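Text of the file start01.cif, holding mmCIF, C-alpha atoms:
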data_run
loop_
_atom_site.label_atom_id
_atom_site.label_comp_id
_atom_site.auth_asym_id
_atom_site.auth_seq_id
_atom_site.Cartn_x
_atom_site.Cartn_y
_atom_site.Cartn_z
CA ALA A 1 186.06 -27.92 -46.70
CA GLN A 2 186.84 -30.99 -48.72
CA SER A 3 186.25 -31.16 -52.45
CA VAL A 4 186.96 -33.47 -55.36
CA THR A 5 187.82 -32.72 -58.97
CA GLN A 6 187.60 -35.39 -61.61
CA LEU A 7 189.39 -34.39 -64.78
CA GLY A 8 187.52 -35.49 -67.84
CA SER A 9 183.80 -36.06 -67.76
CA HIS A 10 184.20 -38.67 -70.51
CA VAL A 11 187.08 -41.07 -71.14
CA SER A 12 187.18 -43.45 -74.07
CA VAL A 13 189.61 -46.37 -74.35
CA SER A 14 189.93 -49.41 -76.54
CA GLU A 15 189.35 -52.84 -75.11
CA GLY A 16 192.65 -54.09 -73.67
CA ALA A 17 194.08 -50.60 -73.23
CA LEU A 18 195.10 -48.92 -70.00
CA VAL A 19 192.36 -47.16 -68.07
CA LEU A 20 193.32 -43.97 -66.22
CA LEU A 21 190.67 -41.91 -64.46
CA ARG A 22 191.91 -38.83 -62.67
CA CYS A 23 190.89 -37.56 -59.27
CA ASN A 24 192.31 -34.66 -57.29
CA TYR A 25 191.09 -33.77 -53.86
CA SER A 26 191.21 -30.89 -51.46
CA SER A 27 191.16 -31.57 -47.74
CA SER A 28 192.33 -29.76 -44.64
CA VAL A 29 193.13 -33.02 -42.86
CA PRO A 30 194.44 -36.41 -44.01
CA PRO A 31 191.58 -37.67 -46.09
CA TYR A 32 189.83 -40.94 -46.65
CA LEU A 33 189.36 -41.50 -50.38
CA PHE A 34 187.01 -43.74 -52.29
CA TRP A 35 186.25 -44.79 -55.84
CA TYR A 36 182.73 -45.93 -56.65
CA VAL A 37 181.31 -47.30 -59.90
CA GLN A 38 177.76 -46.80 -61.14
CA TYR A 39 176.37 -48.99 -63.90
CA PRO A 40 173.33 -47.69 -65.80
CA ASN A 41 170.20 -47.51 -63.67
CA GLN A 42 171.94 -48.93 -60.64
CA GLY A 43 173.27 -47.70 -57.32
CA LEU A 44 176.89 -47.03 -56.51
CA GLN A 45 179.27 -49.88 -55.78
CA LEU A 46 182.56 -49.46 -53.96
CA LEU A 47 185.64 -50.22 -56.06
CA LEU A 48 188.32 -49.39 -53.49
CA LYS A 49 189.20 -47.07 -50.64
CA TYR A 50 192.24 -45.40 -49.10
CA THR A 51 192.31 -45.11 -45.33
CA SER A 52 195.94 -44.14 -44.64
CA ALA A 53 197.44 -47.62 -44.77
CA ALA A 54 199.19 -48.53 -48.05
CA THR A 55 199.30 -45.76 -50.62
CA LEU A 56 198.66 -48.22 -53.46
CA VAL A 57 195.20 -49.63 -53.02
CA LYS A 58 193.85 -52.61 -54.90
CA GLY A 59 190.16 -52.96 -55.51
CA ILE A 60 187.69 -55.17 -57.25
CA ASN A 61 187.62 -56.01 -60.95
CA GLY A 62 191.35 -55.40 -61.38
CA PHE A 63 191.25 -51.70 -60.50
CA GLU A 64 193.79 -49.98 -58.31
CA ALA A 65 194.52 -46.44 -57.19
CA GLU A 66 197.53 -44.67 -55.78
CA PHE A 67 197.34 -42.00 -53.11
CA LYS A 68 199.87 -39.23 -53.76
CA LYS A 69 199.82 -36.66 -51.01
CA SER A 70 202.25 -34.30 -52.75
CA GLU A 71 199.98 -34.16 -55.78
CA THR A 72 196.71 -34.42 -53.80
CA SER A 73 195.69 -37.11 -56.25
CA PHE A 74 194.02 -40.49 -56.14
CA HIS A 75 193.91 -41.65 -59.75
CA LEU A 76 192.21 -44.90 -60.69
CA THR A 77 193.88 -47.31 -63.09
CA LYS A 78 193.33 -50.67 -64.69
CA PRO A 79 195.96 -52.24 -66.94
CA SER A 80 193.57 -53.70 -69.48
CA ALA A 81 190.06 -52.44 -70.11
CA HIS A 82 187.18 -54.81 -70.59
CA MET A 83 183.85 -54.06 -72.21
CA SER A 84 182.16 -54.68 -68.87
CA ASP A 85 184.09 -51.74 -67.35
CA ALA A 86 181.94 -49.26 -69.23
CA ALA A 87 180.19 -47.29 -66.50
CA GLU A 88 180.39 -44.02 -64.60
CA TYR A 89 183.08 -43.69 -61.96
CA PHE A 90 182.94 -41.40 -58.96
CA CYS A 91 185.77 -40.33 -56.70
CA ALA A 92 184.82 -39.26 -53.17
CA VAL A 93 186.56 -37.81 -50.12
CA SER A 94 185.79 -37.89 -46.42
CA GLU A 95 187.56 -35.90 -43.74
CA GLY A 96 186.69 -38.36 -41.01
CA GLY A 97 183.10 -37.57 -40.34
CA ASN A 98 180.30 -39.43 -42.04
CA LYS A 99 180.03 -36.93 -44.87
CA LEU A 100 181.21 -38.07 -48.31
CA VAL A 101 181.84 -35.44 -50.95
CA PHE A 102 181.70 -36.76 -54.50
CA GLY A 103 183.31 -35.59 -57.69
CA ALA A 104 181.21 -34.94 -60.77
CA GLY A 105 181.90 -38.39 -62.19
CA THR A 106 183.70 -39.73 -65.26
CA ILE A 107 181.92 -41.81 -67.86
CA LEU A 108 184.18 -44.57 -69.17
CA ARG A 109 183.50 -45.84 -72.65
CA VAL A 110 185.25 -48.98 -73.87
CA LYS A 111 185.52 -49.48 -77.61
CA SER A 112 185.78 -52.90 -79.17
CA ASP B 1 169.53 -60.74 -49.73
CA THR B 2 169.43 -57.10 -50.71
CA ALA B 3 171.63 -55.06 -48.38
CA VAL B 4 170.05 -51.64 -48.93
CA SER B 5 166.63 -51.57 -50.52
CA GLN B 6 164.44 -48.67 -51.59
CA THR B 7 160.82 -48.43 -52.59
CA PRO B 8 159.53 -47.43 -55.00
CA LYS B 9 162.11 -47.72 -57.78
CA TYR B 10 160.21 -45.26 -59.96
CA LEU B 11 157.89 -42.50 -58.87
CA VAL B 12 156.02 -40.24 -61.28
CA THR B 13 153.85 -37.55 -59.78
CA GLN B 14 152.49 -34.08 -60.37
CA MET B 15 153.65 -30.79 -58.97
CA GLY B 16 152.22 -29.98 -55.60
CA ASN B 17 151.78 -33.59 -54.49
CA ASP B 18 153.34 -35.14 -51.39
CA LYS B 19 155.29 -38.36 -51.71
CA SER B 20 157.48 -40.67 -49.63
CA ILE B 21 160.41 -42.92 -50.41
CA LYS B 22 161.29 -45.75 -48.09
CA CYS B 23 164.69 -47.24 -47.34
CA GLU B 24 165.70 -50.29 -45.37
CA GLN B 25 169.10 -51.82 -44.69
CA ASN B 26 169.82 -55.27 -43.31
CA LEU B 27 173.54 -54.75 -42.74
CA GLY B 28 173.26 -53.84 -39.09
CA HIS B 29 174.70 -50.38 -39.75
CA ASP B 30 174.11 -47.48 -37.40
CA THR B 31 174.23 -44.69 -39.96
CA MET B 32 171.99 -44.04 -42.94
CA TYR B 33 171.97 -41.35 -45.60
CA TRP B 34 169.92 -39.76 -48.35
CA TYR B 35 171.63 -38.48 -51.48
CA LYS B 36 170.22 -36.66 -54.48
CA GLN B 37 171.66 -37.29 -57.95
CA ASP B 38 170.62 -34.63 -60.42
CA SER B 39 170.26 -34.87 -64.18
CA LYS B 40 173.99 -34.23 -64.62
CA LYS B 41 174.72 -37.17 -62.33
CA PHE B 42 176.08 -34.91 -59.58
CA LEU B 43 175.66 -36.69 -56.25
CA LYS B 44 175.09 -34.63 -53.13
CA ILE B 45 174.30 -35.63 -49.58
CA MET B 46 171.02 -34.40 -48.15
CA PHE B 47 170.70 -36.01 -44.73
CA SER B 48 172.38 -38.49 -42.43
CA TYR B 49 171.03 -40.27 -39.38
CA ASN B 50 172.99 -42.14 -36.72
CA ASN B 51 170.94 -44.41 -34.48
CA LYS B 52 167.79 -42.51 -35.39
CA GLU B 53 169.38 -39.14 -34.66
CA LEU B 54 169.90 -36.53 -37.37
CA ILE B 55 173.61 -35.76 -37.73
CA ILE B 56 173.91 -34.20 -41.18
CA ASN B 57 171.38 -31.80 -42.62
CA GLU B 58 172.64 -30.08 -45.71
CA THR B 59 170.99 -27.07 -47.22
CA VAL B 60 167.80 -28.75 -48.28
CA PRO B 61 164.36 -27.13 -48.58
CA ASN B 62 162.26 -27.87 -45.54
CA ARG B 63 159.74 -29.54 -47.85
CA PHE B 64 162.06 -32.53 -47.45
CA SER B 65 161.69 -34.33 -44.14
CA PRO B 66 163.57 -37.50 -43.27
CA LYS B 67 162.25 -39.88 -40.66
CA SER B 68 164.04 -42.77 -39.03
CA PRO B 69 161.69 -45.05 -37.09
CA ASP B 70 164.61 -47.33 -36.20
CA LYS B 71 168.22 -47.63 -37.20
CA ALA B 72 167.41 -50.01 -40.06
CA HIS B 73 164.99 -47.63 -41.77
CA LEU B 74 165.24 -44.13 -43.11
CA ASN B 75 162.34 -42.67 -45.05
CA LEU B 76 162.18 -39.45 -47.03
CA HIS B 77 158.98 -37.47 -47.25
CA ILE B 78 158.67 -34.65 -49.74
CA ASN B 79 155.88 -32.09 -49.55
CA SER B 80 154.59 -29.86 -52.32
CA LEU B 81 156.73 -31.40 -55.02
CA GLU B 82 158.35 -29.10 -57.57
CA LEU B 83 159.76 -29.74 -61.03
CA GLY B 84 163.29 -29.26 -59.67
CA ASP B 85 162.83 -32.17 -57.32
CA SER B 86 163.05 -34.54 -60.28
CA ALA B 87 166.17 -36.61 -59.68
CA VAL B 88 167.37 -40.00 -58.55
CA TYR B 89 167.40 -40.35 -54.78
CA PHE B 90 169.80 -42.82 -53.22
CA CYS B 91 169.72 -44.22 -49.75
CA ALA B 92 172.98 -45.48 -48.23
CA SER B 93 174.22 -46.93 -44.97
CA SER B 94 177.53 -47.38 -43.18
CA PRO B 95 178.88 -48.41 -39.83
CA SER B 96 179.28 -45.46 -37.48
CA GLY B 97 182.68 -44.40 -36.28
CA GLY B 98 184.00 -42.04 -38.85
CA GLY B 99 184.70 -41.58 -42.51
CA ALA B 100 186.96 -44.58 -43.01
CA TYR B 101 183.94 -46.78 -43.58
CA GLU B 102 182.50 -47.11 -47.05
CA GLN B 103 178.87 -46.40 -47.65
CA TYR B 104 176.61 -49.02 -49.17
CA PHE B 105 174.09 -47.66 -51.64
CA GLY B 106 170.61 -48.71 -52.55
CA PRO B 107 169.45 -49.03 -56.16
CA GLY B 108 167.92 -45.56 -56.22
CA THR B 109 164.45 -44.11 -56.69
CA ARG B 110 163.90 -42.14 -59.86
CA LEU B 111 161.46 -39.34 -59.08
CA THR B 112 159.84 -37.52 -61.99
CA VAL B 113 157.68 -34.50 -61.25
CA THR B 114 155.44 -33.34 -64.08
#
I need this file expressed as structure tokens, please.
Amino acid sequence: AQSVTQLGSHVSVSEGALVLLRCNYSSSVPPYLFWYVQYPNQGLQLLLKYTSAATLVKGINGFEAEFKKSETSFHLTKPSAHMSDAAEYFCAVSEGGNKLVFGAGTILRVKS
Amino acid sequence: DTAVSQTPKYLVTQMGNDKSIKCEQNLGHDTMYWYKQDSKKFLKIMFSYNNKELIINETVPNRFSPKSPDKAHLNLHINSLELGDSAVYFCASSPSGGGAYEQYFGPGTRLTVT
């Protein structure tokens, strides 16, 4: 069965610094991978997804993620953090059916 | 236009009551979902419907009963509410055809059982 591990429940960066949020997955078949963002008291919004095309995926708001099969990872990065990036980020995996399995989430704090 | 909408946004009720949450999507998607997000923000799927047919039914107490009158609507009815049912419930939708499609989430319904 598929599963997702997000290392670090809280990540704090300074404004302008690199953002790195870690996600490792477990899947018995080539997975589909997603990053979602949740702002306070809101629903989840898709940042980007990997569906077996390019391994480097670009998303909205300057975020990107790289699929590394050998490391079973799909880490999310952004070169320069902005205050508006403060939110909770969820990595999710699908094995091809409609079921998404989410990680526990990482809260990103951006310091001025 | 709101893509996935839920009503109500907040729901406060007492133990033992029965309540419903409604969800509607105007994206033309065939598949809809209910998720539960607990107090630790852990998000877990409860149910999924495809064209009004139940396709995913996770281990959920049978006090929870989803109903899909048409493919644009998926409601969640909860009987005999318990304290542990307090959570944020999210509705989502996606095109059918497999896991490559992202799911679009509603704003959530925060249920508080006292």
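CA of Gly8 (chain A) sits 11.6 Å away from CA of Glu88 (chain A).
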Pull out every residue that the PyMOL selection byres ((chain B and resi 78) around 6) matches in the shown coordinates and put them as a VMD selection string. chain B and resid 18 to 19 63 to 64 77 79
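With only C-alpha atoms as the basis for measurement, B:Gln103 is the residue among B:Ser93, B:Thr109, B:Thr114, B:Gln103 that approaches Gln45 (chain A) most closely.
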Identify all chain B residues at most 12 Å from chain A by counting only C-alpha atoms; ligands do not count. Present them as an MDAnalysis selection string. chainID B and resid 3:6 9:10 30:50 54:58 88:110
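Put simply, CA of Thr77 (chain A) is 6.0 Å away from CA of Ala65 (chain A).
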Name the residues, using the chain letters and numbers of the file, that sit within 8 Å of (182.8, -52.4, -74.3) when counting all atoms listed in the file, and give them as JSON, numbers by chain. {"A": [15, 82, 83, 84, 85, 86, 109, 110, 111, 112]}
Apply the PyMOL selection byres ((chain B and resi 69-73) around 7) to the displayed file and report the matching residues as an MDAnalysis selection string. chainID B and resid 23:26 30 51:52 67:68 74:75
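Put simply, the PyMOL selection byres ((chain A and resi 71) around 12) on this file hits A:Arg22, A:Cys23, A:Asn24, A:Tyr25, A:Ser26, A:Glu66, A:Phe67, A:Lys68, A:Lys69, A:Ser70, A:Thr72, A:Ser73, A:Phe74, A:His75.
Straight-line separation from CA of Leu47 (chain A) to CA of Val29 (chain A): 22.9 Å.
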